[in-house]
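> Sending over start.cif (mmCIF, C-alpha atoms).
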data_protein
#
loop_
_atom_site.group_PDB
_atom_site.id
_atom_site.type_symbol
_atom_site.label_atom_id
_atom_site.label_comp_id
_atom_site.auth_asym_id
_atom_site.auth_seq_id
_atom_site.Cartn_x
_atom_site.Cartn_y
_atom_site.Cartn_z
ATOM 1 C CA PRO A 1 -22.502 -1.007 4.080
ATOM 2 C CA ARG A 2 -19.219 -1.024 2.113
ATOM 3 C CA VAL A 3 -19.140 2.775 1.791
ATOM 4 C CA LEU A 4 -19.955 3.152 5.480
ATOM 5 C CA ARG A 5 -17.178 0.712 6.419
ATOM 6 C CA ARG A 6 -14.721 2.619 4.211
ATOM 7 C CA ALA A 7 -15.724 5.971 5.778
ATOM 8 C CA LEU A 8 -15.270 4.456 9.231
ATOM 9 C CA LEU A 9 -11.774 3.225 8.324
ATOM 10 C CA VAL A 10 -10.836 6.702 7.085
ATOM 11 C CA ALA A 11 -12.182 8.323 10.262
ATOM 12 C CA LEU A 12 -10.286 5.861 12.448
ATOM 13 C CA ARG A 13 -7.044 6.539 10.565
ATOM 14 C CA ARG A 14 -7.412 10.254 11.243
ATOM 15 C CA ARG A 15 -7.802 9.642 14.968
ATOM 16 C CA ALA A 16 -5.046 7.080 15.533
ATOM 17 C CA PRO A 17 -1.871 6.932 13.443
ATOM 18 C CA HIS A 18 -1.781 3.134 13.672
ATOM 19 C CA PRO A 19 -4.631 0.607 13.587
ATOM 20 C CA GLU A 20 -5.060 -1.150 16.929
ATOM 21 C CA ALA A 21 -2.834 1.499 18.566
ATOM 22 C CA ALA A 22 -4.902 1.807 21.746
ATOM 23 C CA SER A 23 -4.670 -1.898 22.542
ATOM 24 C CA CYS A 24 -0.924 -2.207 22.053
ATOM 25 C CA SER A 25 0.776 0.953 23.299
ATOM 26 C CA SER A 26 3.625 -1.011 24.899
ATOM 27 C CA GLY A 27 4.064 -2.853 21.598
ATOM 28 C CA ALA A 28 4.189 0.497 19.817
ATOM 29 C CA VAL A 29 6.944 1.718 22.130
ATOM 30 C CA ARG A 30 8.854 -1.521 21.554
ATOM 31 C CA MET A 31 8.378 -1.176 17.786
ATOM 32 C CA GLU A 32 9.578 2.432 17.831
ATOM 33 C CA SER A 33 12.664 1.390 19.796
ATOM 34 C CA LEU A 34 13.367 -1.437 17.351
ATOM 35 C CA LEU A 35 12.961 0.850 14.323
ATOM 36 C CA ASP A 36 15.258 3.446 15.904
ATOM 37 C CA LYS A 37 17.860 0.739 16.533
ATOM 38 C CA ILE A 38 17.704 -0.411 12.890
ATOM 39 C CA SER A 39 17.869 3.153 11.560
ATOM 40 C CA GLY A 40 21.100 3.590 13.517
ATOM 41 C CA VAL A 41 22.849 0.852 11.550
ATOM 42 C CA SER A 42 25.404 2.600 9.333
ATOM 43 C CA ASP A 43 25.742 -0.068 6.622
ATOM 44 C CA HIS A 44 22.888 0.447 4.131
ATOM 45 C CA LYS A 45 22.809 -3.201 3.039
ATOM 46 C CA ALA A 46 22.644 -4.462 6.634
ATOM 47 C CA ARG A 47 20.007 -1.865 7.509
ATOM 48 C CA THR A 48 17.893 -2.866 4.501
ATOM 49 C CA GLU A 49 18.166 -6.554 5.437
ATOM 50 C CA GLN A 50 17.133 -5.852 9.036
ATOM 51 C CA TYR A 51 14.100 -3.854 7.895
ATOM 52 C CA MET A 52 13.125 -6.676 5.528
ATOM 53 C CA GLU A 53 13.438 -9.253 8.301
ATOM 54 C CA LEU A 54 11.246 -7.122 10.541
ATOM 55 C CA VAL A 55 8.670 -6.743 7.752
ATOM 56 C CA GLU A 56 8.646 -10.511 7.197
ATOM 57 C CA GLU A 57 8.150 -11.107 10.924
ATOM 58 C CA LYS A 58 5.251 -8.633 11.188
ATOM 59 C CA VAL A 59 3.575 -9.861 7.997
ATOM 60 C CA ALA A 60 3.905 -13.517 9.070
ATOM 61 C CA SER A 61 2.338 -12.724 12.450
ATOM 62 C CA GLY A 62 -0.432 -10.600 10.896
ATOM 63 C CA ASP A 63 0.572 -7.598 13.006
ATOM 64 C CA SER A 64 -1.109 -4.780 11.071
ATOM 65 C CA ALA A 65 -0.178 -2.190 13.712
ATOM 66 C CA GLY A 66 3.451 -3.217 13.437
ATOM 67 C CA ILE A 67 3.367 -3.114 9.644
ATOM 68 C CA THR A 68 1.821 0.355 9.561
ATOM 69 C CA ALA A 69 4.399 1.566 12.110
ATOM 70 C CA ILE A 70 7.115 0.318 9.759
ATOM 71 C CA VAL A 71 5.455 2.120 6.842
ATOM 72 C CA ASP A 72 5.293 5.377 8.826
ATOM 73 C CA HIS A 73 8.965 5.004 9.675
ATOM 74 C CA LEU A 74 10.055 4.174 6.126
ATOM 75 C CA VAL A 75 8.262 7.112 4.472
ATOM 76 C CA SER A 76 9.764 9.582 6.912
ATOM 77 C CA GLU A 77 12.484 11.924 5.719
ATOM 78 C CA GLN A 78 15.108 10.326 7.984
ATOM 79 C CA ILE A 79 15.241 7.099 5.940
ATOM 80 C CA PRO A 80 17.102 7.147 2.603
ATOM 81 C CA GLN A 81 14.721 6.519 -0.292
ATOM 82 C CA ALA A 82 16.934 3.760 -1.681
ATOM 83 C CA ILE A 83 16.325 1.769 1.496
ATOM 84 C CA SER A 84 12.647 2.594 1.920
ATOM 85 C CA ARG A 85 11.915 1.799 -1.751
ATOM 86 C CA LYS A 86 13.447 -1.698 -1.458
ATOM 87 C CA VAL A 87 11.775 -2.488 1.848
ATOM 88 C CA VAL A 88 8.318 -1.221 0.851
ATOM 89 C CA SER A 89 8.548 -3.157 -2.442
ATOM 90 C CA HIS A 90 9.506 -6.262 -0.479
ATOM 91 C CA MET A 91 6.546 -5.732 1.846
ATOM 92 C CA ALA A 92 4.134 -5.084 -1.038
ATOM 93 C CA SER A 93 5.036 -8.404 -2.636
ATOM 94 C CA GLN A 94 4.042 -10.304 0.518
ATOM 95 C CA LEU A 95 0.926 -8.629 1.880
ATOM 96 C CA GLN A 96 -1.909 -10.118 -0.159
ATOM 97 C CA SER A 97 -0.686 -13.695 0.068
ATOM 98 C CA SER A 98 0.184 -13.523 3.765
ATOM 99 C CA LEU A 99 -2.466 -11.419 5.517
ATOM 100 C CA PRO A 100 -6.155 -12.140 6.070
ATOM 101 C CA ALA A 101 -8.315 -10.211 3.583
ATOM 102 C CA GLU A 102 -9.500 -7.436 5.914
ATOM 103 C CA LYS A 103 -6.032 -6.828 7.352
ATOM 104 C CA PHE A 104 -4.603 -6.826 3.843
ATOM 105 C CA GLU A 105 -7.072 -4.172 2.715
ATOM 106 C CA GLN A 106 -6.431 -2.046 5.793
ATOM 107 C CA VAL A 107 -2.624 -2.209 5.517
ATOM 108 C CA ALA A 108 -2.450 -1.870 1.713
ATOM 109 C CA ASP A 109 -4.818 1.107 1.672
ATOM 110 C CA TYR A 110 -2.888 2.706 4.542
ATOM 111 C CA THR A 111 0.411 2.170 2.713
ATOM 112 C CA VAL A 112 -0.670 3.622 -0.648
ATOM 113 C CA THR A 113 -2.128 6.618 1.188
ATOM 114 C CA LYS A 114 1.112 7.172 3.132
ATOM 115 C CA ILE A 115 3.206 6.813 -0.038
ATOM 116 C CA ARG A 116 1.016 9.362 -1.813
ATOM 117 C CA ASP A 117 0.870 11.792 1.129
ATOM 118 C CA ALA A 118 4.656 11.664 1.562
ATOM 119 C CA GLY A 119 5.102 12.535 -2.120
ATOM 120 C CA MET A 120 6.889 9.256 -2.753
ATOM 121 C CA ALA A 121 4.579 7.715 -5.351
ATOM 122 C CA ALA A 122 7.115 8.286 -8.138
ATOM 123 C CA SER A 123 10.077 6.852 -6.202
ATOM 124 C CA MET A 124 8.048 3.879 -4.918
ATOM 125 C CA ASP A 125 6.135 3.352 -8.147
ATOM 126 C CA GLU A 126 6.591 -0.422 -8.305
ATOM 127 C CA ALA A 127 5.423 -0.946 -4.713
ATOM 128 C CA ASP A 128 2.516 1.433 -5.358
ATOM 129 C CA PHE A 129 1.623 -0.482 -8.531
ATOM 130 C CA GLN A 130 1.809 -3.838 -6.709
ATOM 131 C CA LEU A 131 -0.335 -2.671 -3.800
ATOM 132 C CA ARG A 132 -2.922 -0.993 -6.032
ATOM 133 C CA SER A 133 -3.127 -4.065 -8.279
ATOM 134 C CA ASP A 134 -3.606 -6.283 -5.235
ATOM 135 C CA LEU A 135 -6.239 -3.886 -3.852
ATOM 136 C CA TYR A 136 -7.976 -4.029 -7.247
ATOM 137 C CA ASN A 137 -8.116 -7.840 -7.037
ATOM 138 C CA TYR A 138 -9.369 -7.688 -3.452
ATOM 139 C CA TYR A 139 -12.154 -5.212 -4.259
ATOM 140 C CA VAL A 140 -13.227 -7.161 -7.355
ATOM 141 C CA LYS A 141 -13.558 -10.320 -5.205
ATOM 142 C CA GLU A 142 -15.638 -8.284 -2.747
ATOM 143 C CA GLY A 143 -17.835 -7.019 -5.600
ATOM 144 C CA ASP A 144 -16.852 -3.395 -4.973
ATOM 145 C CA PHE A 145 -16.081 -2.434 -8.563
ATOM 146 C CA THR A 146 -15.909 1.312 -7.949
ATOM 147 C CA GLU A 147 -13.223 0.904 -5.267
ATOM 148 C CA ALA A 148 -11.402 -1.580 -7.493
ATOM 149 C CA ALA A 149 -11.320 0.838 -10.421
ATOM 150 C CA THR A 150 -10.346 3.734 -8.154
ATOM 151 C CA ALA A 151 -7.435 1.734 -6.707
ATOM 152 C CA LEU A 152 -6.106 0.917 -10.165
ATOM 153 C CA ALA A 153 -6.732 4.438 -11.446
ATOM 154 C CA GLY A 154 -4.318 5.756 -8.811
ATOM 155 C CA VAL A 155 -1.381 4.209 -10.673
ATOM 156 C CA ASN A 156 0.593 6.756 -12.699
ATOM 157 C CA LEU A 157 2.014 4.697 -15.552
ATOM 158 C CA ASP A 158 3.656 7.722 -17.180
ATOM 159 C CA ALA A 159 5.802 8.494 -14.121
ATOM 160 C CA SER A 160 6.837 4.881 -13.598
ATOM 161 C CA SER A 161 10.484 3.858 -13.597
ATOM 162 C CA LYS A 162 9.454 0.685 -15.406
ATOM 163 C CA GLU A 163 8.961 1.256 -19.110
ATOM 164 C CA ARG A 164 5.552 0.013 -20.210
ATOM 165 C CA SER A 165 4.529 -0.434 -23.805
ATOM 166 C CA ALA A 166 1.603 1.425 -25.322
ATOM 167 C CA GLU A 167 -0.279 -1.898 -25.377
ATOM 168 C CA GLU A 168 0.291 -2.457 -21.631
ATOM 169 C CA LYS A 169 -0.894 1.067 -20.862
ATOM 170 C CA ALA A 170 -3.957 0.626 -23.066
ATOM 171 C CA ASP A 171 -4.802 -2.684 -21.361
ATOM 172 C CA HIS A 172 -4.466 -0.996 -17.967
ATOM 173 C CA TYR A 173 -6.807 1.881 -18.889
ATOM 174 C CA VAL A 174 -9.350 -0.434 -20.532
ATOM 175 C CA LYS A 175 -9.351 -2.600 -17.393
ATOM 176 C CA ILE A 176 -10.152 0.485 -15.299
ATOM 177 C CA ALA A 177 -12.921 1.555 -17.677
ATOM 178 C CA GLU A 178 -14.458 -1.939 -17.762
ATOM 179 C CA THR A 179 -14.418 -2.086 -13.979
ATOM 180 C CA TYR A 180 -16.183 1.275 -13.685
ATOM 181 C CA MET A 181 -18.739 -0.018 -16.198
ATOM 182 C CA MET A 182 -19.535 -2.937 -13.881
ATOM 183 C CA ASN A 183 -21.361 -0.335 -11.744
ATOM 184 C CA ASP A 184 -22.667 1.605 -14.762
ATOM 185 C CA GLU A 185 -20.358 4.521 -13.983
ATOM 186 C CA THR A 186 -20.043 5.616 -17.594
ATOM 187 C CA VAL A 187 -18.652 9.098 -16.869
ATOM 188 C CA ASP A 188 -15.716 7.687 -14.898
ATOM 189 C CA ALA A 189 -15.228 4.922 -17.471
ATOM 190 C CA GLU A 190 -15.041 7.403 -20.358
ATOM 191 C CA ILE A 191 -12.094 9.171 -18.728
ATOM 192 C CA PHE A 192 -9.942 6.066 -19.233
ATOM 193 C CA VAL A 193 -10.809 5.191 -22.837
#
Would you mind writing the file's structure down as structure tokens?

Amino acid sequence: PRVLRRALLVALRRRAPHPEAASCSSGAVRMESLLDKISGVSDHKARTEQYMELVEEKVASGDSAGITAIVDHLVSEQIPQAISRKVVSHMASQLQSSLPAEKFEQVADYTVTKIRDAGMAASMDEADFQLRSDLYNYYVKEGDFTEAATALAGVNLDASSKERSAEEKADHYVKIAETYMMNDETVDAEIFV
């Protein structure tokens, strides 16, 4: 059932760029207008603050369609990476504690996929790490150890802007291997030890 649900989520993402898009097309137009207005602000600090306020509003209301629209906007080429990095990191720090579990999984998975597909994993490494760590915790709670290990395995510690010690890296890789072992996936586990 978990694999089927995951495949369904992937198929739905391919069809509609935003979850719940069909039921809130007027909201999507309003969101696009609001994002365009913010992107027109010339002062980078003010623009960053306005994006963060919008993220806080959408996270607090549990508006996953709004959050994913913000993610799409922030990973576009028209937004300076300095701004998008700060805002996505801010968002990543709030998602797990503020959204219901299923919405969290949907939005976090969508965000790490968009970051990766936009080629921004290196510039948004801390947000990517936060989201993948939170996804790991979510999947472990759900008993889906393969998804948990896969989420954590997507982190590239060597390309991170944060310097991690050899011990921290070793702990990270052992954690991935142990999680794969929870489902007796020895081949995948061996890759990380």
> Go through A:Ala92, A:Ile67, A:Ala159, A:Leu34 and flag the residue nearest Ala122 (chain A), using all atoms listed in the file for the distances.
A:Ala159
> Mind pulling up the distance from CA of Tyr136 (chain A) to CA of Ala149 (chain A)?
6.7 Å
> With all atoms listed in the file as the atoms that count, which of A:Thr68, A:Ile79, A:Ala28, A:His73 lies nearest to Ser42 (chain A)?
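Of A:Thr68, A:Ile79, A:Ala28, A:His73, the one nearest Ser42 (chain A), counting all atoms listed in the file, is A:Ile79.
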> Convert the output of the PyMOL selection byres ((chain A and resi 45-60) around 9) on the shown file into explicit residues, formatted as an MDAnalysis selection string.
chainID A and resid 35 38:44 61:67 70 83:84 86:88 90:91 94:95 98:99
> Mind giving me the straight-line distance from CA of Thr146 (chain A) to CA of Tyr180 (chain A) in Å, one decimal?
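That distance, rounded to one decimal, is 5.7 Å.
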> Give me the region 140-161 of chain A side of the contact with region 107-117 of chain A, cut-off 12 Å, one line per residue showing its nearest atom pair and distance in Å at one decimal, counting all atoms listed in the file, sorted by chain and residue number, as CSV.

residue,atom,partner,partner_atom,distance
A:Glu147,CA,A:Asp109,CA,10.9
A:Ala148,CA,A:Asp109,CA,11.6
A:Thr150,CA,A:Asp109,CA,11.6
A:Ala151,CA,A:Asp109,CA,8.8
A:Leu152,CA,A:Val112,CA,11.3
A:Gly154,CA,A:Val112,CA,9.2
A:Val155,CA,A:Val112,CA,10.1
A:Asn156,CA,A:Arg116,CA,11.2
> For the structure provided, state which residues fall under the PyMOL selection byres ((chain A and resi 138) around 10), and present them as a list in words.
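Selection result, ordered by chain and number: Gln96, Ala101, Glu102, Phe104, Glu105, Arg132, Ser133, Asp134, Leu135, Tyr136, Asn137, Tyr139, Val140, Lys141, Glu142, Gly143, Asp144, Phe145, Glu147 and Ala148 of chain A.
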> Measuring between all atoms listed in the file, which one of A:Tyr173, A:Val75, A:Gln106, A:Ser97 shows the shortest distance to Ser123 (chain A)?
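The answer is A:Val75, which sits nearest to Ser123 (chain A).
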> In Å, rounded to a single decimal, give me how far CA of Phe129 (chain A) is from CA of Ser89 (chain A).
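Taking CA of Ser89 (chain A) as the start and CA of Phe129 (chain A) as the end point, the length is 9.6 Å.
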> Compare A:Met120, A:Ser165, A:Ser93, A:Leu157 by their minimum atom-to-atom distance to Glu77 (chain A), counting all atoms listed in the file, and give me the closest one.
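Comparing A:Met120, A:Ser165, A:Ser93, A:Leu157 against Glu77 (chain A), the winner is A:Met120.
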> Any chance you could resolve the PyMOL selection byres ((chain A and resi 175) around 10) against this file and give the residues as a list in words?
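The output of the PyMOL selection byres ((chain A and resi 175) around 10) on this file is Ala149, Leu152, Ala153, Lys169, Ala170, Asp171, His172, Tyr173, Val174, Ile176, Ala177, Glu178, Thr179, Tyr180, Met181, Ala189, Phe192 and Val193 of chain A.
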> Output as AutoDock Vina command-line options the centre and edge lengths (Å, one decimal) of the box along x, y and z of the file that holds every listed atom of region 79-84 of chain A after adding 5 Å on each side.

--center_x 14.9 --center_y 4.5 --center_z 2.1 --size_x 14.5 --size_y 15.4 --size_z 17.6
